[in-house]
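File shown: upload.csv (CSV, C-alpha atoms).
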```
chain,number,residue,atom,x,y,z
A,89,MET,CA,-3.9,13.8,14.1
A,90,ASN,CA,-6.4,11.5,12.5
A,91,LEU,CA,-5.4,8.1,13.8
A,92,LEU,CA,-8.0,6.2,12.0
A,93,ALA,CA,-7.1,7.7,8.7
A,94,ALA,CA,-3.4,6.8,9.4
A,95,LEU,CA,-4.2,3.2,10.3
A,96,ARG,CA,-6.3,2.8,7.1
A,97,ALA,CA,-3.5,4.4,5.0
A,98,HIS,CA,-0.5,2.6,6.4
A,99,ARG,CA,-1.9,-0.6,7.9
A,100,LEU,CA,1.1,-1.4,10.0
A,101,LEU,CA,1.7,-0.3,13.6
A,102,ALA,CA,5.2,-1.1,14.9
A,103,ILE,CA,5.4,-1.7,18.6
A,104,VAL,CA,8.7,-1.0,20.3
A,105,ARG,CA,9.4,-2.1,23.8
A,106,GLY,CA,13.0,-1.8,24.7
A,107,SER,CA,15.2,-2.8,27.6
A,108,ASP,CA,18.0,-0.5,26.3
A,109,PRO,CA,16.7,3.1,25.8
A,110,ASP,CA,19.4,4.0,23.2
A,111,ALA,CA,18.7,0.8,21.2
A,112,ALA,CA,15.0,1.5,21.4
A,113,LEU,CA,15.5,4.9,20.0
A,114,THR,CA,17.7,3.6,17.2
A,115,THR,CA,15.0,1.0,16.5
A,116,VAL,CA,12.4,3.7,16.2
A,117,LEU,CA,14.5,5.7,13.8
A,118,THR,CA,15.5,2.7,11.7
A,119,LEU,CA,11.8,1.7,11.3
A,120,ALA,CA,11.0,5.3,10.3
A,121,GLU,CA,13.8,5.2,7.7
A,122,GLU,CA,12.4,2.0,6.2
A,123,GLY,CA,9.0,3.6,5.8
A,124,VAL,CA,7.1,2.4,8.8
A,125,THR,CA,5.0,5.4,9.5
A,126,LEU,CA,3.1,4.4,12.6
A,127,ILE,CA,5.3,3.6,15.6
A,128,GLU,CA,4.2,3.0,19.2
A,129,ILE,CA,6.7,3.1,22.1
A,130,SER,CA,5.5,1.0,25.0
A,131,LEU,CA,5.6,2.6,28.4
A,132,SER,CA,6.6,-0.8,29.8
A,133,GLY,CA,10.0,-0.3,28.2
A,134,ARG,CA,12.9,1.2,30.1
A,135,ASP,CA,12.9,5.0,30.2
A,136,ALA,CA,10.1,4.9,27.6
A,137,LEU,CA,9.0,8.5,28.2
A,138,ASP,CA,12.6,9.7,27.5
A,139,VAL,CA,12.7,7.5,24.4
A,140,ILE,CA,9.4,9.1,23.1
A,141,ALA,CA,10.8,12.6,23.8
A,142,ARG,CA,14.1,11.9,22.0
A,143,ALA,CA,12.3,10.2,19.1
A,144,ARG,CA,10.0,13.2,18.7
A,145,ALA,CA,13.0,15.5,18.6
A,146,ALA,CA,14.7,13.4,16.0
A,147,LEU,CA,11.7,12.8,13.8
A,148,GLY,CA,10.1,16.2,14.0
A,149,PRO,CA,6.6,17.4,14.9
A,150,ASP,CA,4.8,15.6,12.0
A,151,ALA,CA,5.8,12.1,12.9
A,152,THR,CA,3.1,9.7,13.9
A,153,LEU,CA,4.5,8.6,17.2
A,154,GLY,CA,2.5,7.0,19.9
A,155,ALA,CA,2.7,5.7,23.5
A,156,GLY,CA,1.6,2.2,24.3
A,157,THR,CA,0.7,0.3,27.5
A,158,VAL,CA,-1.2,3.4,28.7
A,159,LEU,CA,-3.0,2.2,31.8
A,160,SER,CA,-3.8,5.3,33.8
A,161,SER,CA,-4.7,9.0,33.5
A,162,ASP,CA,-1.2,9.8,34.7
A,163,ASP,CA,0.3,7.7,31.9
A,164,ALA,CA,-1.8,9.5,29.3
A,165,ARG,CA,-0.7,12.9,30.5
A,166,ALA,CA,2.9,12.0,30.8
A,167,ALA,CA,2.9,10.5,27.3
A,168,GLN,CA,1.4,13.7,25.8
A,169,LYS,CA,4.0,15.8,27.6
A,170,ALA,CA,6.8,13.6,26.2
A,171,GLY,CA,5.5,14.1,22.7
A,172,ALA,CA,3.2,11.2,21.9
A,173,THR,CA,0.4,12.1,19.4
A,174,PHE,CA,-1.7,9.1,20.0
A,175,LEU,CA,-2.2,6.5,22.8
A,176,VAL,CA,-2.6,2.8,22.8
A,177,THR,CA,-4.0,0.9,25.8
A,178,PRO,CA,-4.0,-2.9,26.5
A,179,ALA,CA,-7.5,-2.7,28.0
A,180,VAL,CA,-10.4,-0.4,28.6
A,181,SER,CA,-8.5,1.7,31.1
A,182,ASP,CA,-8.6,5.2,32.5
A,183,GLY,CA,-6.1,6.1,29.8
A,184,VAL,CA,-8.9,5.9,27.2
A,185,ALA,CA,-11.1,8.6,28.7
A,186,THR,CA,-8.2,10.8,29.7
A,187,GLY,CA,-6.7,10.6,26.2
A,188,ARG,CA,-9.9,11.8,24.7
A,189,GLU,CA,-10.0,14.7,27.3
A,190,LEU,CA,-6.5,15.6,26.2
A,191,GLY,CA,-7.5,15.6,22.6
A,192,LEU,CA,-5.3,12.6,21.8
A,193,PRO,CA,-6.7,9.8,19.6
A,194,VAL,CA,-6.8,6.4,21.3
A,195,LEU,CA,-6.4,2.8,20.1
A,196,ALA,CA,-8.1,1.0,22.9
A,197,GLY,CA,-7.3,-2.5,23.9
A,198,VAL,CA,-10.3,-4.9,23.7
A,199,MET,CA,-10.9,-8.6,23.7
A,200,THR,CA,-14.6,-9.3,24.2
A,201,PRO,CA,-17.8,-7.8,22.7
A,202,THR,CA,-18.5,-6.1,26.0
A,203,ASP,CA,-15.0,-4.5,25.9
A,204,ILE,CA,-15.7,-3.2,22.5
A,205,LEU,CA,-19.0,-1.6,23.5
A,206,GLN,CA,-17.3,0.0,26.6
A,207,ALA,CA,-14.4,1.4,24.6
A,208,GLN,CA,-16.8,2.7,21.9
A,209,ARG,CA,-18.8,4.6,24.6
A,210,LEU,CA,-15.6,6.2,25.9
A,211,GLY,CA,-14.8,7.5,22.4
A,212,ALA,CA,-12.0,5.2,21.2
A,213,ASP,CA,-10.9,5.9,17.7
A,214,ALA,CA,-10.0,2.3,16.9
A,215,PHE,CA,-9.9,-1.1,18.7
A,216,LYS,CA,-6.8,-3.0,19.5
A,217,LEU,CA,-7.8,-6.7,19.5
A,218,PHE,CA,-5.5,-8.1,22.2
A,219,PRO,CA,-4.1,-10.7,22.6
A,220,ALA,CA,-5.4,-11.5,19.2
A,221,GLY,CA,-3.5,-14.8,18.7
A,222,SER,CA,-4.6,-16.2,22.1
A,223,ALA,CA,-8.2,-15.0,21.5
A,224,GLY,CA,-8.6,-17.2,18.4
A,225,GLY,CA,-6.7,-15.5,15.6
A,226,PRO,CA,-8.2,-14.3,12.3
A,227,GLY,CA,-11.3,-16.5,13.0
A,228,TYR,CA,-12.1,-14.6,16.1
A,229,LEU,CA,-11.8,-11.3,14.3
A,230,LYS,CA,-14.2,-12.7,11.7
A,231,ASP,CA,-16.7,-13.5,14.4
A,232,LEU,CA,-16.4,-10.1,16.0
A,233,ARG,CA,-17.0,-8.4,12.7
A,234,GLY,CA,-20.5,-10.0,12.7
A,235,PRO,CA,-22.0,-7.8,15.4
A,236,TYR,CA,-19.4,-5.0,14.7
A,237,PRO,CA,-19.0,-4.9,10.9
A,238,ASP,CA,-18.0,-1.3,10.6
A,239,LEU,CA,-15.6,-0.9,13.5
A,240,PRO,CA,-11.8,-0.5,12.9
A,241,PHE,CA,-10.0,-3.4,14.5
A,242,VAL,CA,-6.2,-3.7,14.9
A,243,PRO,CA,-5.1,-7.2,15.9
A,244,VAL,CA,-2.1,-7.3,18.2
A,245,GLY,CA,-0.3,-10.2,19.8
A,246,GLY,CA,1.3,-13.1,17.9
A,247,VAL,CA,1.0,-11.3,14.6
A,248,ASP,CA,3.7,-12.6,12.3
A,249,ALA,CA,3.8,-11.9,8.5
A,250,VAL,CA,1.5,-14.8,7.6
A,251,ALA,CA,-1.0,-13.9,10.3
A,252,ALA,CA,-0.9,-10.2,9.3
A,253,ALA,CA,-2.0,-11.2,5.8
A,254,ASP,CA,-4.8,-13.4,7.2
A,255,TYR,CA,-6.1,-10.6,9.5
A,256,LEU,CA,-6.1,-8.1,6.7
A,257,ARG,CA,-8.1,-10.5,4.6
A,258,GLU,CA,-10.6,-10.8,7.4
A,259,GLY,CA,-11.1,-7.1,7.4
A,260,ALA,CA,-8.6,-5.7,9.9
A,261,THR,CA,-8.0,-2.0,9.4
A,262,ALA,CA,-4.3,-2.5,10.3
A,263,VAL,CA,-2.1,-4.9,12.3
A,264,GLY,CA,0.1,-4.1,15.3
A,265,VAL,CA,3.4,-6.0,15.4
A,266,GLY,CA,5.9,-6.1,18.2
A,267,SER,CA,8.6,-8.9,18.5
A,268,PRO,CA,7.9,-10.5,15.1
A,269,LEU,CA,9.0,-7.2,13.6
A,270,VAL,CA,11.3,-5.6,16.2
A,271,GLY,CA,13.1,-8.8,17.2
A,272,ASP,CA,16.0,-8.1,19.5
A,273,ALA,CA,16.8,-4.7,17.9
A,274,ALA,CA,15.4,-2.7,20.9
A,275,ALA,CA,17.8,-4.6,23.2
A,276,GLY,CA,20.8,-3.8,20.9
A,277,GLY,CA,20.3,-6.5,18.3
A,278,ASP,CA,20.9,-6.7,14.5
A,279,LEU,CA,19.6,-3.6,12.7
A,280,THR,CA,20.2,-5.2,9.3
A,281,ALA,CA,17.8,-7.9,10.2
A,282,LEU,CA,15.3,-5.3,11.5
A,283,ARG,CA,15.4,-3.6,8.2
A,284,GLU,CA,14.7,-6.8,6.4
A,285,ARG,CA,11.8,-7.7,8.6
A,286,ALA,CA,10.4,-4.1,8.2
A,287,ARG,CA,10.5,-4.5,4.4
A,288,ALA,CA,8.8,-7.9,4.6
A,289,PHE,CA,5.9,-6.6,6.7
A,290,LEU,CA,5.5,-3.6,4.5
A,291,ASP,CA,5.3,-5.8,1.5
A,292,VAL,CA,2.5,-7.8,3.2
A,293,VAL,CA,0.4,-4.9,4.2
A,294,ARG,CA,0.8,-3.2,0.8
A,295,SER,CA,-0.1,-6.3,-1.1
A,296,GLU,CA,-3.4,-7.1,0.7
A,297,ALA,CA,-6.6,-5.7,-0.8
A,298,ARG,CA,-8.1,-2.9,1.3
A,299,PRO,CA,-11.5,-3.5,2.8
```
What is this structure when it is put down as structure tokens?
Amino acid sequence: MNLLAALRAHRLLAIVRGSDPDAALTTVLTLAEEGVTLIEISLSGRDALDVIARARAALGPDATLGAGTVLSSDDARAAQKAGATFLVTPAVSDGVATGRELGLPVLAGVMTPTDILQAQRLGADAFKLFPAGSAGGPGYLKDLRGPYPDLPFVPVGGVDAVAAADYLREGATAVGVGSPLVGDAAAGGDLTALRERARAFLDVVRSEARP
């Protein structure tokens, strides 16, 4: 798959980290029903590999379904075996290089200019600015785009609907959103509220002018 093209087209990456595997799966399927095309299932969630496998079976081979919190080469291989078609790391980890060796696109976690350079050398397809809110928010993204004006950044961490719009205005390729979008749904919470949040975020990313 072409992860960069998908990020540019859809601009919203949903991050599902569940304490209840069945609820996490239902969350993934509900987001997909609402039109959220890019979904990451974090390996730090309970039985995450099984959730990925079940989501792949339910959504079919063409769904853009990724594995997040990929820290090691073993994580990368297990995620691919479960059915992930892209990987997301929280840092410049062994998962980046192994993902590329496996032929999987990688959204690599970075925070500093040095991280970005290292991830670029390893062949990352795009750069997850994490934790974006703690690093300085949209202003920090603006500063990074000075030396790296053409790189695709995806801010993650503390991205609510207002921040999502601000990041996109500063040139983010897409935004990654976990709890402000998922809420308590992956623990068995309200799916109606999840649908409402999904529609609100989709409205935001669709309304912002593309860089």
**Message:** Residues near range 232-248 of chain A, anyone? I mean within 6 Å using only C-alpha atoms, not counting same-chain ones fewer than 4 positions away, as a list in words.
**Reply:**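 These residues fall inside the cut-off: Ala214, Phe215, Lys216, Leu217, Phe218, Pro219, Ala220, Gly221, Ala252, Ala260, Thr261, Ala262, Val263, Gly264, Val265 and Pro268 of chain A.
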**Message:** Given only C-alpha atoms as the basis, pick out the residue of A:Leu92, A:Ile127, A:Ala185, A:Ala286 nearest to Leu147 in chain A.
**Reply:**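 Once distances to Leu147 in chain A are computed over only C-alpha atoms, the minimum belongs to A:Ile127.
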**Asked** Taking all atoms listed in the file into account, which of A:Gly171, A:Ile103, A:Ala97, A:Asn90 comes nearest Ala146 in chain A?
**Response** A:Gly171
**Asked** Of the candidates A:Thr114, A:Ser295, A:Leu195, A:Asp278, which shows the shortest atom-to-atom distance to Gln208 in chain A, using only C-alpha atoms?
**Response**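 Between A:Thr114, A:Ser295, A:Leu195, A:Asp278, the residue approaching Gln208 in chain A most closely is A:Leu195.
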**Message:** Please report the interatomic distance between CA of Leu91 in chain A and CA of Leu210 in chain A in Å with one decimal.
**Reply:**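 So the answer is 15.9 Å.
Between CA of Ala145 in chain A and CA of Ala166 in chain A the interatomic distance comes to 16.2 Å.
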**Message:** For a test of reading the model, state the distance in Å between CA of Lys169 in chain A and CA of Leu113 in chain A, rounded to one decimal.
**Reply:**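 A separation of 17.6 Å between them.
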Could you give me, as an mmCIF file with C-alpha atoms, in the frame of the given file, the residues within 8 Å of Val184 in chain A, counting only C-alpha atoms and dropping anything in the same chain fewer than 5 positions from it?
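Everything below was put into around30.cif:
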```
data_model
loop_
_atom_site.group_PDB
_atom_site.id
_atom_site.type_symbol
_atom_site.label_atom_id
_atom_site.label_comp_id
_atom_site.auth_asym_id
_atom_site.auth_seq_id
_atom_site.Cartn_x
_atom_site.Cartn_y
_atom_site.Cartn_z
ATOM 1 C CA THR A 177 -4.000 0.900 25.800
ATOM 2 C CA VAL A 194 -6.800 6.400 21.300
ATOM 3 C CA ALA A 196 -8.100 1.000 22.900
ATOM 4 C CA ALA A 207 -14.400 1.400 24.600
ATOM 5 C CA LEU A 210 -15.600 6.200 25.900
ATOM 6 C CA GLY A 211 -14.800 7.500 22.400
ATOM 7 C CA ALA A 212 -12.000 5.200 21.200
#
```
**Close residues, Met89 in chain A itself excluded, 12 Å, all atoms listed in the file, min 6 positions apart in chain, as a count of residues only** = 17
